[in-house]
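Taking it in order: structure first as structure tokens, then the write-up.
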Amino acid sequence: MDFNKKYTPQTWPDHPEQVTLEGKNKFLGFWLFLGGETVLFASLFATYLALKNKGPSGMEFSTNTLFELPLVFVMTMILLTSSLTSVYAMYHMKNHNFRGMQTWLAITVLLGLAFLGLEIYEFNHYVHLGFTYGQSAFSSAFFTLVGTHGLHVVVGLVWIILLILRNAKRGFSLYNAPKYYTASLYWHFIDVVWVFIFTVVYLMGVVG
Amino acid sequence: MSSIAKKKGFGSTLWDYLTTVDHKKIAVMYLAAGGLFFVIGGIEAMLIRIQLAKPDNDFVSAGLFNEIITMHGTTMIFLAAMPILFGFMNAVMPLQIGARDVAFPFLNSLGFWLFLFGGIFLNLSWFMGGAPDAGWTSYASLSLASPGHGIDFYALGLQIAGAGTYIGGINFLVTIINMRAPGMTYMRMPLFTWTTFVASALILFAFPPLTVGIFFLILDRMFGANFFDHTMGGNTIIWEHLFWIFGHPEVYILILPAFGIFSEIFALFARKRLFGYSSMVFATVLIGFLGFMVWAHHMFTVGLGPTANAIFAVATMAIAVPTGMKIFNWLLTIWGGSIKVTTPMLYALAFIPSFVAGGVTGIMQAAAPLDYQLHDSYFIVAHFHYVIVGGVVLAILAAVHLYWPLMFNQMLSEKLGKWTFWFFFIGFHLTFFIQHFLGLMGMPRRVFTFGANQGWDLFNLISSIGAAFMAVGVVILVVNIIITVVKNVPVGNDPWEDGRTLEWAIPQPVPFYNFKQTPLVRGLDTFWIEKMEGNKEGMTYAEPLSDIHMPNGSIIPIVMTIGLFIGAFGALYNGEKDWAIPVLVLGLAITFGAMAVRSLKDDHGFHIHKEDLMNDEGGK
């Protein structure tokens, strides 16, 4: 299989990420990896629920007093939108519109950066209130769960930025199509995890 | 690149192994490194038995004894048994399904180096202020209180090695799903491939909880978190749950490939098709599934309540059903067969009664009320050594003899092999059978000595003598290997003469591209079918001879691993030395930098051309 063969929109396959054996393997392997990641986050969620509001006697922090829903709602909307823009990018990949895909991915990155900025602001705010990492079992569990998600966002952003820059002058090939596709899968996964964090940590923390 | 190799110097051979992505070479490295750790773990076992050979012994101190038992368990499970099985999976599974290589050759190499450096990091603790001493389970309330850096070495070392195992699991799953030769349907896959498949799925879902648990331990001990400290609202039971959600599937990760190896051996040396193939596959999948449902049977005495205990007790007993199916299928495979009692077959025959004994004591412990009596006694020690040694280690020793000719084109001496077997087998039962009674007499596990007036002297002495027998068996095996390697007599393909599955059809020594043409699989035991039909060529092929695409070797996996290895020292000394955080950052920068290089540099591999293949009769 010639990886650098040039395609036109007419010859470009329907599922460019799964034409080569390498692409098929990456596609399946990445789905399996996400399966393992799901278990990883499930373990973190279970621990968070077990340690929620637990701390040294007389602890002043609880989910009811700590979390502010408006900020988190904005973060949620930004991240959900970034998932949509990455879908547009994949749509353009299937239609062999390279510039369209790069543009939508760039928008995805900007939204991701905005989300990350707000998350850093939020963490910083908590630390200034005295809700530090080692303050209680609750704070450790909270920062570890939400922070692990934040680290995934960082990895996803670096990954997508590298893809955009590396392939800027090369256009599509069957070699980089699976890379774009798995990066977008990863971004969706990050988004799904955030939906659970929003529900389990913030909504159930303030309302439940 | 020419497919015909030239004589190489030591430097280029070393470079070849450091950069290789060939599943056969990685298999050899897994076997060698796992074998080394097996010997280290064995020496630790001997020290334990010397200390316990007589009452009030002061051969080692109490603290050192704790370090030795912890390192014995950790080494044997994570650094010996699993890597050696990974070695056989790498060597055999791709050939059994007629694949060129595994799905991700680069990740295969990365997985090996992560395991090796994780293991080295863990063992460096001996020379850097003391080994971990909280048992291989490292329960949090105990491990948090452990002074020094032993537990830190445990946590960081297992994290690195565990990442390698996880990568390997995904790799094998994708290989088996995507890269089977034409005609190799799921229900024609050899049992070893099936058990590799299910064990890999268990790795995929069992290792993340361990990763999370160990991260909590690292964060608690080195970065000021409070997951397990109850004065800060933490809960130490969380560690127990996370550890056993990993830990119970882990024993099936070990035993399922062992079942696969024995299934191959029974069919091969009874010269019969495996009895009840479909029920064997069903039982394997069912064991894998139930393996996730039973972790709390390690925690009956924690106080989860009668309801939880009852549910987990029943689920545990249910696993005996598919395991029993397997035992009867093996018996019926031998029944009426034309049996050849070779060394691997000896191990297989010995495995059935030994493993059944371990399984029966397992059912006894599954009864929660009785477990309150047996918990943390030598009865438990006897039980899990019966299943791990009587199952996994016997399978590993059998597979060393069975697959040695496949991996090295040499045959281990059958005579010495049988000596190894008898010493090991007798020693094994001598060591552990009597420990059941020590447990029932009240001897607790993990004690460094006992009193002369407790009536445990004789049984402990017998147990220690048995351990010496096992050690003699292993020494004979090492001698056997040395003699065989020095003699270096090539044996050619199908050395057992009755090979049934695809791996025995490949020419010896195995060409680095595996099968020149992908074979066509026409049924279960496909090589046997071809032989019975008198096919002189060996196999029927699914494609004409054409160019073969191969992956390039790469040094990046070992660079990534060294980055993590360096970074781990930074984490270890966090808060104690000024250079800790810079070293941690440096290590992670090396790892992620190497990842970025891998991502940015195109690696298309290379082609072996048809003309070169036609002249190549195989060879290294």
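Following the order of the structure tokens, chains are lettered A, B, ..., residues in each are numbered from 1, and ligands are numbered from 1.
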**Request:** Could you give me, as a VMD selection string, the residues within 8 Å of segment 180-184 of chain A, counting only C-alpha atoms and dropping anything in the same chain fewer than 6 positions from it?
**Result:** chain A and resid 17 26 to 27 30 86 to 87 90 156 159 to 160 163
Would you give me, as a Markdown table, each residue of chain A having an atom within 6 Å of an atom of chain B, along with its shortest atom pair and that distance in Å to one decimal, using only C-alpha atoms and sorting by chain and residue number?
| residue | atom | partner | partner_atom | distance |
| --- | --- | --- | --- | --- |
| A:Gly29 | CA | B:Val174 | CA | 5.9 |
| A:Gly36 | CA | B:Phe205 | CA | 5.5 |
| A:Leu40 | CA | B:Pro208 | CA | 4.8 |
| A:Ser43 | CA | B:Pro209 | CA | 5.9 |
| A:Lys54 | CA | B:Gly233 | CA | 4.7 |
| A:Gly55 | CA | B:Gly233 | CA | 3.9 |
| A:Pro56 | CA | B:Met232 | CA | 4.4 |
| A:Gly134 | CA | B:Ala225 | CA | 4.7 |
| A:Ser136 | CA | B:Met232 | CA | 5.2 |
| A:Ala137 | CA | B:Asn226 | CA | 4.7 |
| A:Ser140 | CA | B:Ala225 | CA | 5.4 |
Dump of C-alpha atoms for the selected residues, as a CSV table (one decimal), in the first residue's frame:
chain,number,residue,atom,x,y,z
A,29,GLY,CA,-7.0,-0.6,19.1
A,36,GLY,CA,-9.8,0.8,29.4
A,40,LEU,CA,-10.1,4.1,34.7
A,43,SER,CA,-12.6,3.9,39.3
A,54,LYS,CA,-15.4,13.6,53.7
A,55,GLY,CA,-12.6,15.4,55.6
A,56,PRO,CA,-11.1,16.1,59.0
A,134,GLY,CA,-4.1,17.9,50.7
A,136,SER,CA,-9.1,16.6,52.9
A,137,ALA,CA,-9.9,13.2,51.3
A,140,SER,CA,-7.9,14.9,47.0
**Request:** Choose the residue, out of B:Ser200, B:Thr70, B:Thr20, B:Thr540, that has the smallest atom-to-atom separation from Asn123 of chain B; count only C-alpha atoms.
**Result:**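 Nearest to Asn123 of chain B: B:Thr70.
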**Message:** I need the residues in segment 282-331 of chain B that are alpha helix (DSSP H) according to DSSP; give them as number ranges by chain.
**Reply:** B: 282-290, 306-331
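When only C-alpha atoms are used to compute distances to Gly247 of chain B, the closest of the residues B:Thr323, B:Thr74, B:Leu520, B:Tyr154 turns out to be B:Thr74.
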Compile the contact shell of Met204 of chain A as a PDB file with C-alpha atoms, in the first residue's frame: residues with an atom at most 10 Å away, counting only C-alpha atoms, same-chain residues fewer than 5 positions apart removed.
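Result written to out_2.pdb:
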ATOM      1  CA  THR A  63     -20.139  20.437  47.490  1.00  0.00           C
ATOM      2  CA  ASN A  64     -23.119  22.673  48.339  1.00  0.00           C
ATOM      3  CA  ILE A 197     -18.308  14.998  35.742  1.00  0.00           C
ATOM      4  CA  PHE A 198     -20.828  17.797  35.245  1.00  0.00           C
ATOM      5  CA  THR A 199     -23.652  15.530  36.340  1.00  0.00           C
TER       6      THR A 199
END
**Message:** Residues within 6 Å of segment 390-406 of chain B, please, as a list of chain:residue names. Count only C-alpha atoms; anything in the same chain fewer than 2 positions from it doesn't count.
**Reply:**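 My list of contacting residues is B:Ile255, B:Ala258, B:Pro344, B:Tyr347, B:Phe351, B:Ser354, B:Phe355, B:Tyr386, B:Val387, B:Ile388, B:Phe408, B:Asn409, B:Gln410, B:Met411.
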Could you save those same residues with C-alpha atoms as a PDB file, in the first residue's frame?
ATOM      1  CA  ILE B 255      -4.236 -19.255  34.613  1.00  0.00           C
ATOM      2  CA  ALA B 258      -1.843 -21.890  31.251  1.00  0.00           C
ATOM      3  CA  PRO B 344       5.451 -31.437  28.338  1.00  0.00           C
ATOM      4  CA  TYR B 347       3.608 -31.691  33.228  1.00  0.00           C
ATOM      5  CA  PHE B 351      -1.299 -30.544  36.336  1.00  0.00           C
ATOM      6  CA  SER B 354      -2.517 -30.679  41.356  1.00  0.00           C
ATOM      7  CA  PHE B 355      -4.797 -27.985  40.025  1.00  0.00           C
ATOM      8  CA  TYR B 386      -1.494 -25.031  44.462  1.00  0.00           C
ATOM      9  CA  VAL B 387      -3.265 -23.048  41.760  1.00  0.00           C
ATOM     10  CA  ILE B 388      -0.351 -20.787  40.789  1.00  0.00           C
ATOM     11  CA  PHE B 408      15.216 -21.660  18.962  1.00  0.00           C
ATOM     12  CA  ASN B 409      15.204 -24.579  16.509  1.00  0.00           C
ATOM     13  CA  GLN B 410      16.775 -26.786  19.212  1.00  0.00           C
ATOM     14  CA  MET B 411      15.352 -29.513  21.408  1.00  0.00           C
TER      15      MET B 411
END
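With only C-alpha atoms as the atoms that count, the residue of A:His149, A:Val72, A:Asn176, A:Trp104 with the shortest distance to Tyr121 of chain A is A:Val72.
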**Request:** With a distance cut-off of 8 Å and only C-alpha atoms, select the neighbouring residues of segment 473-489 of chain B, excluding the residue or stretch itself and same-chain residues fewer than 5 positions from it, and output the selection as a ChimeraX atom specification.
**Result:** /B:409-413,416-417,419-424
**Asked** Out of B:Val491, B:Ala589, B:Leu349, B:Ala181, which residue has the shortest atom-to-atom distance to Gly567 of chain B when counting only C-alpha atoms?
**Response** B:Ala589
**Request:** Would you return as a PyMOL selection string the members of segment 439-585 of chain B that DSSP assigns to strand (DSSP E or B) on this structure's backbone?
**Result:** chain B and resi 444+519+541+548-550
Any chance you could export the current selection's N, CA and C atoms as a PDB file, in the first residue's frame?
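The file below, part.pdb, is the result:
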ATOM      1  N   PRO B 444      -0.348 -18.636  61.292  1.00  0.00           N
ATOM      2  CA  PRO B 444      -0.719 -17.518  60.429  1.00  0.00           C
ATOM      3  C   PRO B 444       0.315 -17.304  59.326  1.00  0.00           C
ATOM      4  N   PRO B 519      -1.026 -18.650   4.876  1.00  0.00           N
ATOM      5  CA  PRO B 519      -1.677 -19.953   4.675  1.00  0.00           C
ATOM      6  C   PRO B 519      -3.203 -19.841   4.666  1.00  0.00           C
ATOM      7  N   TYR B 541      -1.864 -22.456   0.440  1.00  0.00           N
ATOM      8  CA  TYR B 541      -1.692 -21.023   0.635  1.00  0.00           C
ATOM      9  C   TYR B 541      -2.847 -20.225   0.069  1.00  0.00           C
ATOM     10  N   ILE B 548       6.246  -8.361   0.660  1.00  0.00           N
ATOM     11  CA  ILE B 548       5.775  -8.338   2.047  1.00  0.00           C
ATOM     12  C   ILE B 548       6.140  -6.999   2.657  1.00  0.00           C
ATOM     13  N   HIS B 549       5.148  -6.389   3.303  1.00  0.00           N
ATOM     14  CA  HIS B 549       5.396  -5.114   3.978  1.00  0.00           C
ATOM     15  C   HIS B 549       5.809  -5.374   5.414  1.00  0.00           C
ATOM     16  N   MET B 550       6.941  -4.789   5.838  1.00  0.00           N
ATOM     17  CA  MET B 550       7.448  -5.012   7.201  1.00  0.00           C
ATOM     18  C   MET B 550       7.650  -3.683   7.908  1.00  0.00           C
TER      19      MET B 550
END
**Message:** At a cut-off of 9 Å, using only C-alpha atoms, what residues contact Leu49 of chain A? Leave out same-chain residues fewer than 6 positions from it and give the result as JSON, numbers by chain.
**Reply:** {"A": [141, 200, 201]}
Could you name the residues that touch Val19 of chain A at 9 Å or less, counting only C-alpha atoms, but leaving out those on the same chain fewer than 5 positions away, as a compact mmCIF listing (two decimals) with N, CA and C atoms, in the first residue's frame?
# COMPACT_ATOMS: atom_id res chain seq x y z
N PRO A 13 -11.60 7.28 -0.49
CA PRO A 13 -12.55 6.26 -0.01
C PRO A 13 -13.52 6.80 1.05
N LYS A 24 -6.96 0.10 10.12
CA LYS A 24 -7.94 -0.76 10.80
C LYS A 24 -7.48 -1.09 12.21
N LEU A 174 -3.65 8.24 3.21
CA LEU A 174 -4.20 7.14 4.01
C LEU A 174 -3.34 6.90 5.25
**Prompt:** Which of these, B:Phe569, B:Phe450, B:Phe266, B:Tyr186, has the shortest distance to Leu524 of chain B once you count only C-alpha atoms?
**Reply:**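 Closest residue, counting only C-alpha atoms: B:Tyr186.
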**Request:** Counting only C-alpha atoms, figure out which residue out of B:Phe37, B:Val381, B:Pro509, B:Leu202 gets nearest to Gly35 of chain A.
**Result:**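 Using only C-alpha atoms, the shortest distance to Gly35 of chain A belongs to B:Leu202.
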